[in-house]
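Raw model.cif, mmCIF, C-alpha atoms:
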```
data_my_file
#
loop_
_atom_site.group_PDB
_atom_site.id
_atom_site.type_symbol
_atom_site.label_atom_id
_atom_site.label_comp_id
_atom_site.auth_asym_id
_atom_site.auth_seq_id
_atom_site.Cartn_x
_atom_site.Cartn_y
_atom_site.Cartn_z
ATOM 1 C CA MET A 1 -103.548 146.671 85.345
ATOM 2 C CA ILE A 2 -105.683 144.698 87.797
ATOM 3 C CA THR A 3 -106.507 142.173 85.043
ATOM 4 C CA ARG A 4 -102.820 141.639 84.308
ATOM 5 C CA LYS A 5 -102.051 141.021 87.990
ATOM 6 C CA LYS A 6 -104.866 138.491 88.162
ATOM 7 C CA SER A 7 -103.442 136.711 85.114
ATOM 8 C CA TYR A 8 -100.011 136.514 86.722
ATOM 9 C CA LEU A 9 -101.572 135.143 89.898
ATOM 10 C CA ILE A 10 -103.467 132.461 88.002
ATOM 11 C CA VAL A 11 -100.316 131.365 86.162
ATOM 12 C CA PHE A 12 -98.361 131.268 89.439
ATOM 13 C CA VAL A 13 -100.994 129.087 91.100
ATOM 14 C CA PHE A 14 -101.067 126.745 88.088
ATOM 15 C CA VAL A 15 -97.301 126.286 88.196
ATOM 16 C CA VAL A 16 -97.329 125.611 91.936
ATOM 17 C CA LEU A 17 -100.089 123.020 91.511
ATOM 18 C CA ALA A 18 -98.233 121.365 88.637
ATOM 19 C CA ILE A 19 -95.044 121.089 90.670
ATOM 20 C CA GLY A 20 -96.998 119.736 93.599
ATOM 21 C CA THR A 21 -98.631 117.112 91.399
ATOM 22 C CA LEU A 22 -95.247 115.914 90.151
ATOM 23 C CA GLY A 23 -94.155 115.540 93.740
ATOM 24 C CA VAL A 24 -97.230 113.503 94.624
ATOM 25 C CA ILE A 25 -96.820 110.984 91.818
ATOM 26 C CA GLY A 26 -93.109 110.733 92.550
ATOM 27 C CA ILE A 27 -91.637 111.523 89.169
ATOM 28 C CA SER A 28 -88.011 112.474 89.629
ATOM 29 C CA SER A 29 -86.914 115.805 88.214
ATOM 30 C CA ARG A 30 -83.215 114.995 88.540
ATOM 31 C CA PRO A 31 -81.175 113.397 85.738
ATOM 32 C CA VAL A 32 -81.521 109.625 85.488
ATOM 33 C CA THR A 33 -78.286 107.697 86.114
ATOM 34 C CA THR A 34 -77.257 104.174 85.226
ATOM 35 C CA ARG A 35 -77.660 103.255 88.914
ATOM 36 C CA ASP A 36 -81.389 103.900 88.531
ATOM 37 C CA LEU A 37 -81.788 101.544 85.596
ATOM 38 C CA SER A 38 -80.904 98.020 84.555
ATOM 39 C CA PHE A 39 -81.041 96.650 81.042
ATOM 40 C CA ALA A 40 -81.670 93.024 80.074
ATOM 41 C CA VAL A 41 -81.887 91.311 76.695
ATOM 42 C CA ARG A 42 -83.836 88.131 76.019
ATOM 43 C CA THR A 43 -83.958 85.834 72.988
ATOM 44 C CA ASP A 44 -85.727 82.499 72.646
ATOM 45 C CA LYS A 45 -82.410 80.897 71.641
ATOM 46 C CA GLU A 46 -78.779 81.803 71.013
ATOM 47 C CA ALA A 47 -78.211 80.090 67.665
ATOM 48 C CA PHE A 48 -80.195 80.678 64.492
ATOM 49 C CA THR A 49 -80.124 79.429 60.934
ATOM 50 C CA LEU A 50 -79.040 81.970 58.345
ATOM 51 C CA GLY A 51 -82.114 83.854 57.117
ATOM 52 C CA GLU A 52 -84.250 82.968 60.138
ATOM 53 C CA PRO A 53 -86.167 85.762 61.933
ATOM 54 C CA ILE A 54 -84.658 86.717 65.294
ATOM 55 C CA GLN A 55 -87.042 87.729 68.074
ATOM 56 C CA ILE A 56 -85.523 89.928 70.768
ATOM 57 C CA GLU A 57 -86.953 91.487 73.922
ATOM 58 C CA TRP A 58 -85.243 94.411 75.636
ATOM 59 C CA VAL A 59 -86.255 94.914 79.285
ATOM 60 C CA LEU A 60 -85.740 98.215 81.092
ATOM 61 C CA THR A 61 -86.114 98.072 84.908
ATOM 62 C CA ASN A 62 -86.306 100.942 87.378
ATOM 63 C CA ASN A 63 -83.922 100.097 90.226
ATOM 64 C CA GLY A 64 -84.203 103.516 91.836
ATOM 65 C CA THR A 65 -86.456 104.828 94.571
ATOM 66 C CA GLU A 66 -88.381 107.301 92.419
ATOM 67 C CA ALA A 67 -90.625 106.945 89.395
ATOM 68 C CA ILE A 68 -89.032 107.544 86.007
ATOM 69 C CA ARG A 69 -90.568 108.535 82.689
ATOM 70 C CA VAL A 70 -89.527 106.107 79.948
ATOM 71 C CA PRO A 71 -90.665 105.555 76.350
ATOM 72 C CA ALA A 72 -93.859 103.546 75.959
ATOM 73 C CA GLN A 73 -92.794 102.304 72.527
ATOM 74 C CA GLY A 74 -89.473 101.062 71.224
ATOM 75 C CA VAL A 75 -88.496 100.716 67.588
ATOM 76 C CA GLU A 76 -92.006 101.706 66.470
ATOM 77 C CA SER A 77 -91.430 105.311 67.522
ATOM 78 C CA GLY A 78 -87.659 105.389 67.180
ATOM 79 C CA SER A 79 -87.171 105.521 70.958
ATOM 80 C CA LEU A 80 -85.160 102.301 70.678
ATOM 81 C CA LYS A 81 -82.476 102.002 68.011
ATOM 82 C CA ILE A 82 -80.815 98.739 67.043
ATOM 83 C CA TYR A 83 -77.171 98.300 66.058
ATOM 84 C CA ILE A 84 -75.515 95.123 64.777
ATOM 85 C CA ALA A 85 -71.825 94.235 64.597
ATOM 86 C CA GLY A 86 -70.389 91.382 62.568
ATOM 87 C CA GLU A 87 -66.932 89.874 62.417
ATOM 88 C CA ASP A 88 -65.337 93.273 61.739
ATOM 89 C CA GLY A 89 -66.632 94.566 65.073
ATOM 90 C CA GLU A 90 -68.182 97.717 63.590
ATOM 91 C CA TYR A 91 -71.700 98.452 64.791
ATOM 92 C CA LYS A 92 -74.102 99.559 62.072
ATOM 93 C CA GLU A 93 -77.680 100.690 62.441
ATOM 94 C CA TYR A 94 -80.445 98.261 61.541
ATOM 95 C CA PHE A 95 -83.832 99.573 60.453
ATOM 96 C CA GLY A 96 -86.875 97.304 60.257
ATOM 97 C CA SER A 97 -90.223 97.605 58.540
ATOM 98 C CA GLY A 98 -92.410 100.467 59.785
ATOM 99 C CA TRP A 99 -89.957 101.538 62.452
ATOM 100 C CA GLY A 100 -90.074 105.134 63.633
ATOM 101 C CA ARG A 101 -93.523 105.831 62.178
ATOM 102 C CA LYS A 102 -95.552 105.950 65.384
ATOM 103 C CA ARG A 103 -95.771 108.992 67.573
ATOM 104 C CA GLY A 104 -93.741 108.412 70.712
ATOM 105 C CA THR A 105 -95.363 108.558 74.132
ATOM 106 C CA ALA A 106 -94.006 108.032 77.635
ATOM 107 C CA VAL A 107 -95.066 105.988 80.639
ATOM 108 C CA THR A 108 -94.279 106.329 84.317
ATOM 109 C CA LEU A 109 -92.085 103.457 85.473
ATOM 110 C CA GLU A 110 -92.460 102.959 89.218
ATOM 111 C CA PRO A 111 -89.557 101.637 91.329
ATOM 112 C CA GLY A 112 -89.069 97.904 90.807
ATOM 113 C CA LYS A 113 -91.185 97.852 87.627
ATOM 114 C CA SER A 114 -90.043 97.008 84.112
ATOM 115 C CA GLN A 115 -90.885 98.069 80.563
ATOM 116 C CA SER A 116 -90.327 95.688 77.653
ATOM 117 C CA TYR A 117 -89.598 96.501 74.016
ATOM 118 C CA PHE A 118 -89.798 93.905 71.255
ATOM 119 C CA ALA A 119 -88.315 93.669 67.784
ATOM 120 C CA THR A 120 -87.914 91.106 65.015
ATOM 121 C CA ILE A 121 -84.678 91.242 63.051
ATOM 122 C CA LEU A 122 -84.477 89.937 59.491
ATOM 123 C CA TRP A 123 -85.512 92.264 56.644
ATOM 124 C CA ASN A 124 -83.383 95.382 56.433
ATOM 125 C CA GLY A 125 -84.811 98.696 55.265
ATOM 126 C CA LYS A 126 -81.713 100.031 53.582
ATOM 127 C CA PRO A 127 -82.018 103.658 52.422
ATOM 128 C CA ASP A 128 -82.883 104.307 48.777
ATOM 129 C CA VAL A 129 -79.966 106.238 47.281
ATOM 130 C CA SER A 130 -80.773 105.667 43.603
ATOM 131 C CA HIS A 131 -81.536 109.380 43.160
ATOM 132 C CA LEU A 132 -78.287 110.543 44.761
ATOM 133 C CA ASN A 133 -74.824 111.014 43.367
ATOM 134 C CA GLU A 134 -72.006 108.791 44.613
ATOM 135 C CA THR A 135 -70.757 111.205 47.264
ATOM 136 C CA ALA A 136 -74.212 111.829 48.716
ATOM 137 C CA ALA A 137 -75.041 108.116 48.634
ATOM 138 C CA ILE A 138 -71.918 107.271 50.635
ATOM 139 C CA GLN A 139 -72.862 109.822 53.268
ATOM 140 C CA VAL A 140 -76.431 108.513 53.590
ATOM 141 C CA LEU A 141 -75.320 104.871 53.829
ATOM 142 C CA ALA A 142 -72.532 105.517 56.331
ATOM 143 C CA GLY A 143 -73.069 103.576 59.539
ATOM 144 C CA LYS A 144 -76.067 101.644 58.183
ATOM 145 C CA ILE A 145 -76.587 98.041 57.116
ATOM 146 C CA THR A 146 -76.950 97.911 53.334
ATOM 147 C CA THR A 147 -77.925 94.282 52.660
ATOM 148 C CA GLU A 148 -81.458 92.926 52.188
ATOM 149 C CA TYR A 149 -81.040 90.627 55.179
ATOM 150 C CA ALA A 150 -79.738 92.195 58.387
ATOM 151 C CA LEU A 151 -77.462 89.205 59.008
ATOM 152 C CA PRO A 152 -76.456 88.182 55.476
ATOM 153 C CA LYS A 153 -73.941 85.387 56.165
ATOM 154 C CA PRO A 154 -73.033 82.811 58.814
ATOM 155 C CA GLY A 155 -70.990 83.889 61.806
ATOM 156 C CA VAL A 156 -71.152 85.522 65.215
ATOM 157 C CA TYR A 157 -73.027 88.799 65.578
ATOM 158 C CA PHE A 158 -73.559 91.223 68.434
ATOM 159 C CA ILE A 159 -76.859 93.099 68.653
ATOM 160 C CA LYS A 160 -77.364 96.057 70.965
ATOM 161 C CA GLY A 161 -80.195 98.461 71.639
ATOM 162 C CA VAL A 162 -79.906 102.127 72.536
ATOM 163 C CA SER A 163 -82.898 103.687 74.296
ATOM 164 C CA SER A 164 -83.666 107.345 74.835
ATOM 165 C CA ILE A 165 -84.965 108.361 78.259
ATOM 166 C CA SER A 166 -87.149 111.452 78.376
ATOM 167 C CA GLN A 167 -85.721 112.704 81.666
ATOM 168 C CA GLY A 168 -82.419 114.453 81.067
ATOM 169 C CA ASN A 169 -82.625 113.764 77.314
ATOM 170 C CA SER A 170 -80.199 110.900 77.822
ATOM 171 C CA GLU A 171 -79.489 107.736 75.864
ATOM 172 C CA TYR A 172 -78.691 104.422 77.505
ATOM 173 C CA GLY A 173 -77.341 101.309 75.840
ATOM 174 C CA PHE A 174 -78.357 97.746 76.532
ATOM 175 C CA LYS A 175 -75.503 95.278 76.831
ATOM 176 C CA PRO A 176 -74.939 93.656 73.398
ATOM 177 C CA THR A 177 -76.328 90.166 73.024
ATOM 178 C CA ARG A 178 -74.331 87.516 71.186
ATOM 179 C CA ILE A 179 -76.056 85.694 68.335
ATOM 180 C CA VAL A 180 -74.681 82.725 66.412
ATOM 181 C CA VAL A 181 -75.893 82.366 62.818
ATOM 182 C CA ASN A 182 -75.295 78.922 61.351
ATOM 183 C CA GLN A 183 -74.891 77.921 57.713
ATOM 184 C CA PRO A 184 -78.028 76.101 56.480
ATOM 185 C CA THR A 185 -77.683 72.520 55.275
ATOM 186 C CA GLY A 186 -79.795 70.031 53.332
ATOM 187 C CA ASP A 187 -83.242 71.337 52.378
ATOM 188 C CA ASP A 188 -82.574 74.535 54.298
ATOM 189 C CA LEU A 189 -79.595 75.264 52.065
ATOM 190 C CA GLU A 190 -81.681 74.582 48.953
ATOM 191 C CA VAL A 191 -84.289 77.090 50.114
ATOM 192 C CA TRP A 192 -81.736 79.655 51.226
ATOM 193 C CA ASN A 193 -80.139 79.624 47.787
ATOM 194 C CA GLN A 194 -83.543 80.595 46.368
ATOM 195 C CA ILE A 195 -84.408 83.352 48.819
ATOM 196 C CA LYS A 196 -81.080 84.948 49.753
ATOM 197 C CA GLY A 197 -80.859 88.511 48.531
ATOM 198 C CA ASN A 198 -84.644 88.618 48.093
ATOM 199 C CA GLY A 199 -85.805 91.367 50.409
ATOM 200 C CA GLU A 200 -89.460 90.766 49.533
ATOM 201 C CA ILE A 201 -89.381 87.234 50.911
ATOM 202 C CA ALA A 202 -87.435 88.400 53.946
ATOM 203 C CA LEU A 203 -90.158 90.943 54.676
ATOM 204 C CA LEU A 204 -92.850 88.300 54.228
ATOM 205 C CA MET A 205 -91.170 86.020 56.777
ATOM 206 C CA GLN A 206 -90.858 88.923 59.186
ATOM 207 C CA ASP A 207 -94.124 90.842 58.861
ATOM 208 C CA GLY A 208 -96.423 88.856 56.593
ATOM 209 C CA THR A 209 -96.411 91.454 53.817
ATOM 210 C CA PHE A 210 -94.554 92.511 50.692
ATOM 211 C CA TYR A 211 -92.814 95.804 50.091
ATOM 212 C CA THR A 212 -93.873 96.083 46.452
ATOM 213 C CA ASP A 213 -97.254 97.560 45.541
ATOM 214 C CA LYS A 214 -97.357 95.880 42.109
ATOM 215 C CA ASP A 215 -100.049 93.203 41.948
ATOM 216 C CA GLU A 216 -98.249 91.129 39.325
ATOM 217 C CA THR A 217 -95.059 91.055 41.391
ATOM 218 C CA LYS A 218 -97.070 90.038 44.444
ATOM 219 C CA ARG A 219 -98.620 87.149 42.508
ATOM 220 C CA GLN A 220 -95.199 85.982 41.335
ATOM 221 C CA LEU A 221 -93.818 86.124 44.863
ATOM 222 C CA THR A 222 -96.843 84.268 46.228
ATOM 223 C CA ASP A 223 -96.381 81.504 43.658
ATOM 224 C CA GLN A 224 -92.679 81.254 44.462
ATOM 225 C CA VAL A 225 -93.300 81.003 48.198
ATOM 226 C CA GLU A 226 -96.023 78.365 47.759
ATOM 227 C CA GLN A 227 -93.733 76.285 45.558
ATOM 228 C CA ILE A 228 -90.927 76.454 48.118
ATOM 229 C CA ALA A 229 -93.200 75.506 51.022
ATOM 230 C CA THR A 230 -94.675 72.598 49.046
ATOM 231 C CA ARG A 231 -91.356 71.260 47.817
ATOM 232 C CA TYR A 232 -89.468 71.665 51.106
ATOM 233 C CA PRO A 233 -92.068 71.183 53.873
ATOM 234 C CA GLN A 234 -89.444 70.231 56.484
ATOM 235 C CA SER A 235 -87.290 73.292 55.903
ATOM 236 C CA ILE A 236 -87.028 75.702 58.814
ATOM 237 C CA TYR A 237 -87.969 78.520 56.434
ATOM 238 C CA SER A 238 -91.197 76.836 55.314
ATOM 239 C CA SER A 239 -92.850 77.269 58.700
ATOM 240 C CA TYR A 240 -92.263 81.033 58.553
ATOM 241 C CA LEU A 241 -93.239 81.205 54.874
ATOM 242 C CA LYS A 242 -96.505 79.271 55.234
ATOM 243 C CA THR A 243 -97.660 81.076 58.360
ATOM 244 C CA ASN A 244 -96.939 84.542 57.036
ATOM 245 C CA LEU A 245 -98.237 83.812 53.547
ATOM 246 C CA GLU A 246 -101.606 82.911 55.096
ATOM 247 C CA LYS A 247 -101.444 86.144 57.063
ATOM 248 C CA TYR A 248 -100.735 88.060 53.866
ATOM 249 C CA LYS A 249 -103.591 86.367 51.969
ATOM 250 C CA ALA A 250 -106.053 87.135 54.761
ATOM 251 C CA HIS A 251 -105.013 90.784 54.728
ATOM 252 C CA GLU A 252 -105.310 90.960 50.935
ATOM 253 C CA ALA A 253 -108.781 89.410 51.059
ATOM 254 C CA GLN A 254 -109.896 92.028 53.580
ATOM 255 C CA ARG A 255 -108.390 94.784 51.468
ATOM 256 C CA ASN A 256 -110.118 93.555 48.317
ATOM 257 C CA GLU A 257 -113.454 93.289 50.126
ATOM 258 C CA PHE A 258 -113.049 96.839 51.363
ATOM 259 C CA TYR A 259 -112.359 98.207 47.887
ATOM 260 C CA LYS A 260 -115.249 96.161 46.477
ATOM 261 C CA SER A 261 -117.633 97.619 49.048
ATOM 262 C CA MET A 262 -116.380 101.109 48.247
ATOM 263 C CA LYS A 263 -117.145 100.613 44.555
ATOM 264 C CA VAL A 264 -120.601 99.223 45.288
ATOM 265 C CA GLY A 265 -121.362 102.226 47.462
ATOM 266 C CA GLN A 266 -120.301 104.748 44.807
ATOM 267 C CA LYS A 267 -123.023 106.679 43.048
ATOM 268 C CA PRO A 268 -123.108 106.436 39.241
ATOM 269 C CA GLN A 269 -121.656 109.423 37.432
#
```
Kindly return the structure encoded in the file as structure tokens.
Amino acid sequence: MITRKKSYLIVFVFVVLAIGTLGVIGISSRPVTTRDLSFAVRTDKEAFTLGEPIQIEWVLTNNGTEAIRVPAQGVESGSLKIYIAGEDGEYKEYFGSGWGRKRGTAVTLEPGKSQSYFATILWNGKPDVSHLNETAAIQVLAGKITTEYALPKPGVYFIKGVSSISQGNSEYGFKPTRIVVNQPTGDDLEVWNQIKGNGEIALLMQDGTFYTDKDETKRQLTDQVEQIATRYPQSIYSSYLKTNLEKYKAHEAQRNEFYKSMKVGQKPQ
């Protein structure tokens, strides 16, 4: 009986200390309101060529008087979701490479401080519904972008981010940013006609990698990209293709060296 009372006392003291600690560091326990936060969106430019990667920064600022817990990561952990609307005005979810795979953590955002989240928009990770029947496929694809490129044709698009805040389990939306996507001309049009609909090349321009794990397909894609960059050196796409192809080759060389060292280190059977 005495032991149980001691246990209760220890737990009570721990809780009191924990609450006191929260008070010291100033983390608010009340629900976060829109008055506490401001949301800004930044892009390096407002107009892009069709098929060009779009770099966006979302900035979350604490305008309140108390510290707030906010996500440390954005799209990487799924704490920030991206939605895109085209000429029909319907927002659909965009999903980039590797998004949502990292474990989400939080940071304490002091009054007057900001937290930035970055994302590149180009390649679209549309869900694989090849194993589903028509009804199930429609349900899975509902509300999602289903083209290889997130912005598949010229026009005006609106891109918005929705962030989850740990306090109050609330979601807050950033004001949509307006993006103009122009029709390519000249050499750019020649290149676009070769790469449009090719999700592998879109992913290369975005992340410097290919989605396929087939070596022969990778070699074919590498040859195609090198030919495009050589033939159309002034194209806006060539700068992205050349830079990210070198990044891909460097990664492949490291990977091959690793596997080679593993084989050398293996003991004979």
Check your understanding: Could you name the residues that touch Arg35 of chain A at 8 Å or less, counting all atoms listed in the file, but leaving out those on the same chain fewer than 2 positions away, as a list in words?
Key ->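 In the requested format, the answer is Thr33, Leu37, Ser38, Asn63 and Gly64 of chain A.
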**Study point:** Non-local contacts of Ser114 of chain A (8 Å; all atoms listed in the file; under 6 positions in same chain excluded) as a ChimeraX atom specification
**Key:** /A:59-62
Point to revise | Result set of the PyMOL selection byres ((chain A and resi 161-166) around 10) on the coordinates above, as a ChimeraX atom specification | key: /A:31-32,39,41,57-58,60,68-71,74-75,78-84,93,105-107,117,159-160,167-177
With C-alpha atoms kept, could you save the residues just selected as a PDB file, in the coordinates of the input?
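Written file, again11.pdb:
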```pdb
ATOM      1  CA  PRO A  31     -81.175 113.397  85.738  1.00  0.00           C
ATOM      2  CA  VAL A  32     -81.521 109.625  85.488  1.00  0.00           C
ATOM      3  CA  PHE A  39     -81.041  96.650  81.042  1.00  0.00           C
ATOM      4  CA  VAL A  41     -81.887  91.311  76.695  1.00  0.00           C
ATOM      5  CA  GLU A  57     -86.953  91.487  73.922  1.00  0.00           C
ATOM      6  CA  TRP A  58     -85.243  94.411  75.636  1.00  0.00           C
ATOM      7  CA  LEU A  60     -85.740  98.215  81.092  1.00  0.00           C
ATOM      8  CA  ILE A  68     -89.032 107.544  86.007  1.00  0.00           C
ATOM      9  CA  ARG A  69     -90.568 108.535  82.689  1.00  0.00           C
ATOM     10  CA  VAL A  70     -89.527 106.107  79.948  1.00  0.00           C
ATOM     11  CA  PRO A  71     -90.665 105.555  76.350  1.00  0.00           C
ATOM     12  CA  GLY A  74     -89.473 101.062  71.224  1.00  0.00           C
ATOM     13  CA  VAL A  75     -88.496 100.716  67.588  1.00  0.00           C
ATOM     14  CA  GLY A  78     -87.659 105.389  67.180  1.00  0.00           C
ATOM     15  CA  SER A  79     -87.171 105.521  70.958  1.00  0.00           C
ATOM     16  CA  LEU A  80     -85.160 102.301  70.678  1.00  0.00           C
ATOM     17  CA  LYS A  81     -82.476 102.002  68.011  1.00  0.00           C
ATOM     18  CA  ILE A  82     -80.815  98.739  67.043  1.00  0.00           C
ATOM     19  CA  TYR A  83     -77.171  98.300  66.058  1.00  0.00           C
ATOM     20  CA  ILE A  84     -75.515  95.123  64.777  1.00  0.00           C
ATOM     21  CA  GLU A  93     -77.680 100.690  62.441  1.00  0.00           C
ATOM     22  CA  THR A 105     -95.363 108.558  74.132  1.00  0.00           C
ATOM     23  CA  ALA A 106     -94.006 108.032  77.635  1.00  0.00           C
ATOM     24  CA  VAL A 107     -95.066 105.988  80.639  1.00  0.00           C
ATOM     25  CA  TYR A 117     -89.598  96.501  74.016  1.00  0.00           C
ATOM     26  CA  ILE A 159     -76.859  93.099  68.653  1.00  0.00           C
ATOM     27  CA  LYS A 160     -77.364  96.057  70.965  1.00  0.00           C
ATOM     28  CA  GLN A 167     -85.721 112.704  81.666  1.00  0.00           C
ATOM     29  CA  GLY A 168     -82.419 114.453  81.067  1.00  0.00           C
ATOM     30  CA  ASN A 169     -82.625 113.764  77.314  1.00  0.00           C
ATOM     31  CA  SER A 170     -80.199 110.900  77.822  1.00  0.00           C
ATOM     32  CA  GLU A 171     -79.489 107.736  75.864  1.00  0.00           C
ATOM     33  CA  TYR A 172     -78.691 104.422  77.505  1.00  0.00           C
ATOM     34  CA  GLY A 173     -77.341 101.309  75.840  1.00  0.00           C
ATOM     35  CA  PHE A 174     -78.357  97.746  76.532  1.00  0.00           C
ATOM     36  CA  LYS A 175     -75.503  95.278  76.831  1.00  0.00           C
ATOM     37  CA  PRO A 176     -74.939  93.656  73.398  1.00  0.00           C
ATOM     38  CA  THR A 177     -76.328  90.166  73.024  1.00  0.00           C
TER      39      THR A 177
END
```
Study note, to complete from the structure: re atom CA of Phe118 of chain A and atom CA of Trp99 of chain A: distance 11.7 Å
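For the pair atom CA of Ser261 of chain A and atom CA of Leu204 of chain A, the separation is 27.0 Å.
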Hits of the PyMOL selection byres ((chain A and resi 181) around 10) in this structure, as a CSV table (one decimal) with C-alpha atoms, in the frame of the given file:
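result-v9.csv was written with the following content:
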```csv
chain,number,residue,atom,x,y,z
A,46,GLU,CA,-78.8,81.8,71.0
A,47,ALA,CA,-78.2,80.1,67.7
A,48,PHE,CA,-80.2,80.7,64.5
A,49,THR,CA,-80.1,79.4,60.9
A,50,LEU,CA,-79.0,82.0,58.3
A,51,GLY,CA,-82.1,83.9,57.1
A,52,GLU,CA,-84.2,83.0,60.1
A,151,LEU,CA,-77.5,89.2,59.0
A,152,PRO,CA,-76.5,88.2,55.5
A,153,LYS,CA,-73.9,85.4,56.2
A,154,PRO,CA,-73.0,82.8,58.8
A,155,GLY,CA,-71.0,83.9,61.8
A,156,VAL,CA,-71.2,85.5,65.2
A,157,TYR,CA,-73.0,88.8,65.6
A,178,ARG,CA,-74.3,87.5,71.2
A,179,ILE,CA,-76.1,85.7,68.3
A,180,VAL,CA,-74.7,82.7,66.4
A,182,ASN,CA,-75.3,78.9,61.4
A,183,GLN,CA,-74.9,77.9,57.7
A,184,PRO,CA,-78.0,76.1,56.5
```
Check your understanding: Neighbours of Asn124 of chain A within 8 Å (only C-alpha atoms; same-chain residues fewer than 3 positions away dropped), as a list in words?
Key ->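 Counting only C-alpha atoms, the residues come to Tyr94, Phe95, Gly96, Ser97, Ile121, Ile145, Thr146, Thr147, Glu148, Tyr149, Ala150 and Gly199 of chain A.
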Check your understanding: Residues at most 12 Å from segment 239-247 of chain A, counting only C-alpha atoms, excluding those fewer than 5 positions away in the same chain, as a PyMOL selection string?
Key -> chain A and resi 51-54+122+188+191+195+200-210+218-219+221-230+232-234+252-254
Revision key, fill the gap. Taken to one decimal, the atom CA of Ala72 of chain A-atom CA of Lys144 of chain A distance is 25.2 Å
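What the PyMOL selection byres ((chain A and resi 142) around 12) grabs from this file is Glu90, Tyr91, Lys92, Glu93, Tyr94, Lys126, Pro127, Val129, Thr135, Ala136, Ala137, Ile138, Gln139, Val140, Leu141, Gly143, Lys144, Ile145 and Thr146 of chain A.
Among A:Asp128, A:Gly86, A:Tyr211, A:Thr65, the residue with the shortest atom-to-atom distance to Lys113 of chain A, counting all atoms listed in the file, is A:Thr65.
Comparing A:Lys263, A:Glu134, A:Trp123, A:Ser235 by their smallest distance to Gly197 of chain A, the closest is A:Trp123 (using all atoms listed in the file).
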